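Before any comments, here is the structure.
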Amino acid sequence: MSRQKIFICDDGPIGEMLCFALSQSTDNEVFSETKSAKAFDFIEKERPTILIVDLNMPEVSGASLITKIRKSENLSSLGIICISAEFNGKEIAMAAGADIFVAKPFNLDEILDAIYRLSA
């Protein structure tokens, strides 16, 4: 698996945990943002290869962020993993354009597997 530039957008402690765990357990560059309203500008500027985004966030929902990314020609290759505890989260995430959905609660291996699948 080649080195990835991973951006995590989650407003809760799971985002912080993921950022720490992924930066410790992989050779990837890992960035995070808790304010979803700032995420799109960061993505345009930094061009991560993978986005891990929570579906349920204040300001800009994960679904809205995914939809905006998918409408941008410059970001069409961005792999998107959506995480959520929402009852119908998978349907919402996939309809917005996510590549992979991972239900909360999850373990780190599920996220690592999703990253691997997007990198293959």
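Starting from 1 in every chain, residues are counted up; chains themselves are A, B, ... following the order of the structure tokens, and ligands are numbered from 1 as listed.
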Exercise. Glu44 (chain A): which residues within 12 Å, counting only C-alpha atoms, same-chain residues fewer than 4 positions away excluded, as a list in words?
Worked result: Phe7, Lys38, Ala39, Phe40, Pro48, Thr49, Leu51, Lys68, Ile69, Ser72, Glu73, Asn74, Leu75, Ser76 and Leu78 of chain A
Include C-alpha atoms and write out the residues we just selected as a PDB file, in the first residue's frame.
ATOM      1  CA  PHE A   7      -7.895  13.840   6.264  1.00  0.00           C
ATOM      2  CA  LYS A  38     -13.538  24.476   7.175  1.00  0.00           C
ATOM      3  CA  ALA A  39     -13.128  21.014   5.646  1.00  0.00           C
ATOM      4  CA  PHE A  40     -13.811  21.755   1.963  1.00  0.00           C
ATOM      5  CA  PRO A  48      -5.672  14.444   0.552  1.00  0.00           C
ATOM      6  CA  THR A  49      -6.037  11.035  -1.057  1.00  0.00           C
ATOM      7  CA  LEU A  51     -11.256  11.582   3.528  1.00  0.00           C
ATOM      8  CA  LYS A  68     -19.923  19.136  -2.631  1.00  0.00           C
ATOM      9  CA  ILE A  69     -16.711  17.144  -3.131  1.00  0.00           C
ATOM     10  CA  SER A  72     -15.916  19.258  -7.886  1.00  0.00           C
ATOM     11  CA  GLU A  73     -13.982  17.994 -10.923  1.00  0.00           C
ATOM     12  CA  ASN A  74     -10.680  18.705  -9.153  1.00  0.00           C
ATOM     13  CA  LEU A  75     -11.539  16.335  -6.309  1.00  0.00           C
ATOM     14  CA  SER A  76     -13.025  13.437  -8.259  1.00  0.00           C
ATOM     15  CA  LEU A  78     -10.669  11.577  -3.498  1.00  0.00           C
TER      16      LEU A  78
END
Give the helix (DSSP H, G or I) residues of region 7-111 of chain A, as assigned by DSSP on the backbone, as a compact mmCIF listing (two decimals) with N, CA and C atoms, in the first residue's frame.
# COMPACT_ATOMS: atom_id res chain seq x y z
N PRO A 13 -14.73 13.03 19.84
CA PRO A 13 -13.49 12.37 20.26
C PRO A 13 -13.05 11.24 19.33
N ILE A 14 -13.97 10.69 18.55
CA ILE A 14 -13.58 9.64 17.61
C ILE A 14 -12.60 10.17 16.57
N GLY A 15 -12.80 11.39 16.12
CA GLY A 15 -11.87 12.00 15.17
C GLY A 15 -10.47 12.12 15.74
N GLU A 16 -10.39 12.56 16.99
CA GLU A 16 -9.09 12.68 17.65
C GLU A 16 -8.44 11.30 17.81
N MET A 17 -9.23 10.32 18.21
CA MET A 17 -8.72 8.97 18.38
C MET A 17 -8.21 8.41 17.05
N LEU A 18 -8.99 8.60 16.00
CA LEU A 18 -8.57 8.10 14.68
C LEU A 18 -7.28 8.76 14.22
N CYS A 19 -7.20 10.07 14.39
CA CYS A 19 -6.00 10.80 13.97
C CYS A 19 -4.78 10.24 14.70
N PHE A 20 -4.88 10.07 16.00
CA PHE A 20 -3.76 9.54 16.77
C PHE A 20 -3.44 8.11 16.35
N ALA A 21 -4.46 7.26 16.28
CA ALA A 21 -4.23 5.85 15.96
C ALA A 21 -3.65 5.66 14.57
N LEU A 22 -4.17 6.37 13.59
CA LEU A 22 -3.67 6.22 12.22
C LEU A 22 -2.27 6.78 12.06
N SER A 23 -1.96 7.85 12.77
CA SER A 23 -0.60 8.40 12.66
C SER A 23 0.41 7.50 13.37
N GLN A 24 -0.03 6.71 14.34
CA GLN A 24 0.86 5.78 15.06
C GLN A 24 0.98 4.43 14.37
N SER A 25 -0.09 3.99 13.70
CA SER A 25 -0.11 2.62 13.18
C SER A 25 0.16 2.51 11.69
N SER A 36 -16.56 21.22 10.41
CA SER A 36 -16.87 20.76 9.05
C SER A 36 -16.96 21.92 8.06
N ALA A 37 -17.26 23.12 8.52
CA ALA A 37 -17.34 24.27 7.62
C ALA A 37 -15.97 24.62 7.02
N LYS A 38 -14.89 24.20 7.67
CA LYS A 38 -13.54 24.48 7.17
C LYS A 38 -13.00 23.35 6.30
N ALA A 39 -13.67 22.22 6.29
CA ALA A 39 -13.13 21.01 5.65
C ALA A 39 -12.94 21.15 4.14
N PHE A 40 -13.92 21.69 3.43
CA PHE A 40 -13.81 21.75 1.96
C PHE A 40 -12.61 22.58 1.53
N ASP A 41 -12.40 23.73 2.17
CA ASP A 41 -11.25 24.58 1.81
C ASP A 41 -9.93 23.84 2.07
N PHE A 42 -9.86 23.11 3.18
CA PHE A 42 -8.65 22.33 3.48
C PHE A 42 -8.43 21.27 2.40
N ILE A 43 -9.49 20.59 2.02
CA ILE A 43 -9.39 19.53 1.01
C ILE A 43 -8.91 20.10 -0.33
N GLU A 44 -9.46 21.23 -0.73
CA GLU A 44 -9.03 21.86 -1.99
C GLU A 44 -7.56 22.25 -1.94
N LYS A 45 -7.12 22.76 -0.82
CA LYS A 45 -5.74 23.23 -0.69
C LYS A 45 -4.74 22.08 -0.55
N GLU A 46 -5.03 21.14 0.33
CA GLU A 46 -4.07 20.09 0.67
C GLU A 46 -4.16 18.83 -0.17
N GLY A 62 -21.91 15.74 7.03
CA GLY A 62 -21.00 14.92 6.23
C GLY A 62 -21.55 14.67 4.85
N ALA A 63 -22.87 14.44 4.74
CA ALA A 63 -23.49 14.21 3.44
C ALA A 63 -23.35 15.42 2.53
N SER A 64 -23.54 16.61 3.10
CA SER A 64 -23.39 17.84 2.29
C SER A 64 -21.95 18.02 1.83
N LEU A 65 -21.00 17.72 2.70
CA LEU A 65 -19.58 17.82 2.33
C LEU A 65 -19.25 16.83 1.23
N ILE A 66 -19.71 15.60 1.36
CA ILE A 66 -19.45 14.58 0.34
C ILE A 66 -20.05 15.01 -1.00
N THR A 67 -21.28 15.48 -0.97
CA THR A 67 -21.94 15.93 -2.21
C THR A 67 -21.16 17.06 -2.88
N LYS A 68 -20.69 18.01 -2.08
CA LYS A 68 -19.92 19.14 -2.63
C LYS A 68 -18.61 18.65 -3.25
N ILE A 69 -17.96 17.71 -2.60
CA ILE A 69 -16.71 17.14 -3.13
C ILE A 69 -16.98 16.44 -4.45
N ARG A 70 -18.02 15.64 -4.51
CA ARG A 70 -18.33 14.87 -5.72
C ARG A 70 -18.72 15.77 -6.89
N GLU A 73 -14.82 18.78 -10.00
CA GLU A 73 -13.98 17.99 -10.92
C GLU A 73 -12.57 17.79 -10.38
N ASN A 74 -12.05 18.78 -9.67
CA ASN A 74 -10.68 18.70 -9.15
C ASN A 74 -10.51 17.68 -8.04
N LEU A 75 -11.62 17.25 -7.45
CA LEU A 75 -11.54 16.33 -6.31
C LEU A 75 -12.13 14.97 -6.61
N GLY A 89 -27.57 5.57 8.13
CA GLY A 89 -26.34 6.25 7.72
C GLY A 89 -25.74 5.73 6.43
N LYS A 90 -25.76 4.42 6.24
CA LYS A 90 -25.17 3.86 5.02
C LYS A 90 -25.89 4.36 3.79
N GLU A 91 -27.21 4.36 3.81
CA GLU A 91 -27.98 4.83 2.65
C GLU A 91 -27.71 6.31 2.36
N ILE A 92 -27.65 7.12 3.42
CA ILE A 92 -27.39 8.56 3.25
C ILE A 92 -25.98 8.78 2.69
N ALA A 93 -25.00 8.09 3.27
CA ALA A 93 -23.61 8.26 2.85
C ALA A 93 -23.40 7.83 1.40
N MET A 94 -23.94 6.69 1.05
CA MET A 94 -23.73 6.18 -0.31
C MET A 94 -24.48 7.05 -1.34
N ALA A 95 -25.66 7.54 -0.98
CA ALA A 95 -26.41 8.42 -1.88
C ALA A 95 -25.66 9.73 -2.10
N ALA A 96 -24.93 10.20 -1.09
CA ALA A 96 -24.15 11.43 -1.22
C ALA A 96 -22.90 11.24 -2.07
N LEU A 108 -10.42 -0.27 14.92
CA LEU A 108 -9.41 0.30 14.03
C LEU A 108 -9.18 -0.55 12.79
N ASP A 109 -9.27 -1.87 12.94
CA ASP A 109 -9.06 -2.75 11.79
C ASP A 109 -10.07 -2.49 10.67
N GLU A 110 -11.30 -2.13 11.02
CA GLU A 110 -12.30 -1.81 10.00
C GLU A 110 -11.89 -0.58 9.20
N ILE A 111 -11.36 0.41 9.88
CA ILE A 111 -10.90 1.63 9.19
C ILE A 111 -9.67 1.33 8.36
For this session: Could you check how far CA of Ala85 (chain A) sits from CA of Asp54 (chain A), in Å to one decimal?
Result: 9.0 Å
For this session: Pick out each residue of chain A that DSSP on the backbone tags as strand (DSSP E or B); I need them as a list in words.
Result: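 Here are the strand (DSSP E or B) residues of chain A: Lys5, Ile6, Phe7, Ile8, Cys9, Glu29, Val30, Phe31, Ser32, Glu33, Ile50, Leu51, Ile52, Val53, Asp54, Gly79, Ile80, Ile81, Cys82, Ile83, Ser84, Ile100, Phe101, Val102 and Ala103 of chain A.
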Problem set entry | 10 Å contact set for Ile115 (chain A), only C-alpha atoms, chain neighbours under 6 positions out, as a VMD selection string | chain A and resid 1 4 6 49 to 52 79 to 81 100 109
Residues of the last selection are to be written out with N, CA and C atoms, as an mmCIF file, in the first residue's frame.
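So part28.cif came out as:
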data_model
loop_
_atom_site.group_PDB
_atom_site.id
_atom_site.type_symbol
_atom_site.label_atom_id
_atom_site.label_comp_id
_atom_site.auth_asym_id
_atom_site.auth_seq_id
_atom_site.Cartn_x
_atom_site.Cartn_y
_atom_site.Cartn_z
ATOM 1 N N MET A 1 0.844 -1.176 0.000
ATOM 2 C CA MET A 1 0.000 0.000 0.000
ATOM 3 C C MET A 1 0.890 1.241 0.000
ATOM 4 N N GLN A 4 -0.471 7.288 1.999
ATOM 5 C CA GLN A 4 -1.672 8.077 1.754
ATOM 6 C C GLN A 4 -1.638 9.362 2.575
ATOM 7 N N ILE A 6 -4.250 11.300 4.561
ATOM 8 C CA ILE A 6 -5.591 11.065 5.093
ATOM 9 C C ILE A 6 -6.064 12.278 5.878
ATOM 10 N N THR A 49 -5.632 12.154 -0.203
ATOM 11 C CA THR A 49 -6.037 11.035 -1.057
ATOM 12 C C THR A 49 -7.259 10.320 -0.485
ATOM 13 N N ILE A 50 -7.444 10.432 0.847
ATOM 14 C CA ILE A 50 -8.581 9.795 1.510
ATOM 15 C C ILE A 50 -9.186 10.763 2.522
ATOM 16 N N LEU A 51 -10.503 10.822 2.536
ATOM 17 C CA LEU A 51 -11.256 11.582 3.528
ATOM 18 C C LEU A 51 -12.045 10.603 4.383
ATOM 19 N N ILE A 52 -11.920 10.746 5.693
ATOM 20 C CA ILE A 52 -12.783 10.024 6.627
ATOM 21 C C ILE A 52 -13.669 11.083 7.259
ATOM 22 N N GLY A 79 -10.850 9.472 -2.303
ATOM 23 C CA GLY A 79 -11.556 8.337 -1.717
ATOM 24 C C GLY A 79 -12.240 8.778 -0.438
ATOM 25 N N ILE A 80 -13.508 8.434 -0.285
ATOM 26 C CA ILE A 80 -14.266 8.914 0.875
ATOM 27 C C ILE A 80 -14.806 7.742 1.694
ATOM 28 N N ILE A 81 -14.429 7.745 2.971
ATOM 29 C CA ILE A 81 -14.949 6.796 3.950
ATOM 30 C C ILE A 81 -15.859 7.593 4.875
ATOM 31 N N ILE A 100 -17.095 4.169 0.812
ATOM 32 C CA ILE A 100 -17.207 3.125 1.833
ATOM 33 C C ILE A 100 -17.911 3.720 3.048
ATOM 34 N N ASP A 109 -9.265 -1.867 12.938
ATOM 35 C CA ASP A 109 -9.062 -2.747 11.787
ATOM 36 C C ASP A 109 -10.070 -2.486 10.672
#
Exercise. Could you name the residues that touch Glu86 (chain A) at 10 Å or less, counting only C-alpha atoms, but leaving out those on the same chain fewer than 6 positions away, as a PyMOL selection string?
Worked result: chain A and resi 55-56+92+103-104
Please produce a file of the residues just selected, as a short mmCIF file (atom, residue, chain, number, x, y, z; two decimals), in the first residue's frame, where the atoms kept are C-alpha atoms.
data_model
loop_
_atom_site.label_atom_id
_atom_site.label_comp_id
_atom_site.auth_asym_id
_atom_site.auth_seq_id
_atom_site.Cartn_x
_atom_site.Cartn_y
_atom_site.Cartn_z
CA LEU A 55 -22.11 11.98 8.76
CA ASN A 56 -23.67 13.87 11.65
CA ILE A 92 -27.39 8.56 3.25
CA ALA A 103 -20.81 2.05 11.15
CA LYS A 104 -19.98 3.38 14.61
#
Problem set entry | Nearest candidate to Arg117 (chain A) (options A:Ile8, A:Lys71, A:Phe87, A:Asp99; using only C-alpha atoms) |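 Of the candidates, the smallest distance to Arg117 (chain A) is held by A:Asp99.
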For this session: Choose the residue, out of A:Gly97, A:Cys82, A:Leu118, A:Asn28, that has the smallest atom-to-atom separation from Arg3 (chain A); count only C-alpha atoms.
Result: A:Asn28
For this session: Work out how far CA of Ser61 (chain A) is from CA of Thr34 (chain A), in Å to one decimal.
Result: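 Separating CA of Thr34 (chain A) from CA of Ser61 (chain A) is a distance of 11.9 Å.
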For this session: Take CA of Val60 (chain A) and CA of Phe31 (chain A) and report the distance between them in Å, one decimal.
Result: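 According to the coordinates, CA of Val60 (chain A) and CA of Phe31 (chain A) are separated by 18.4 Å.
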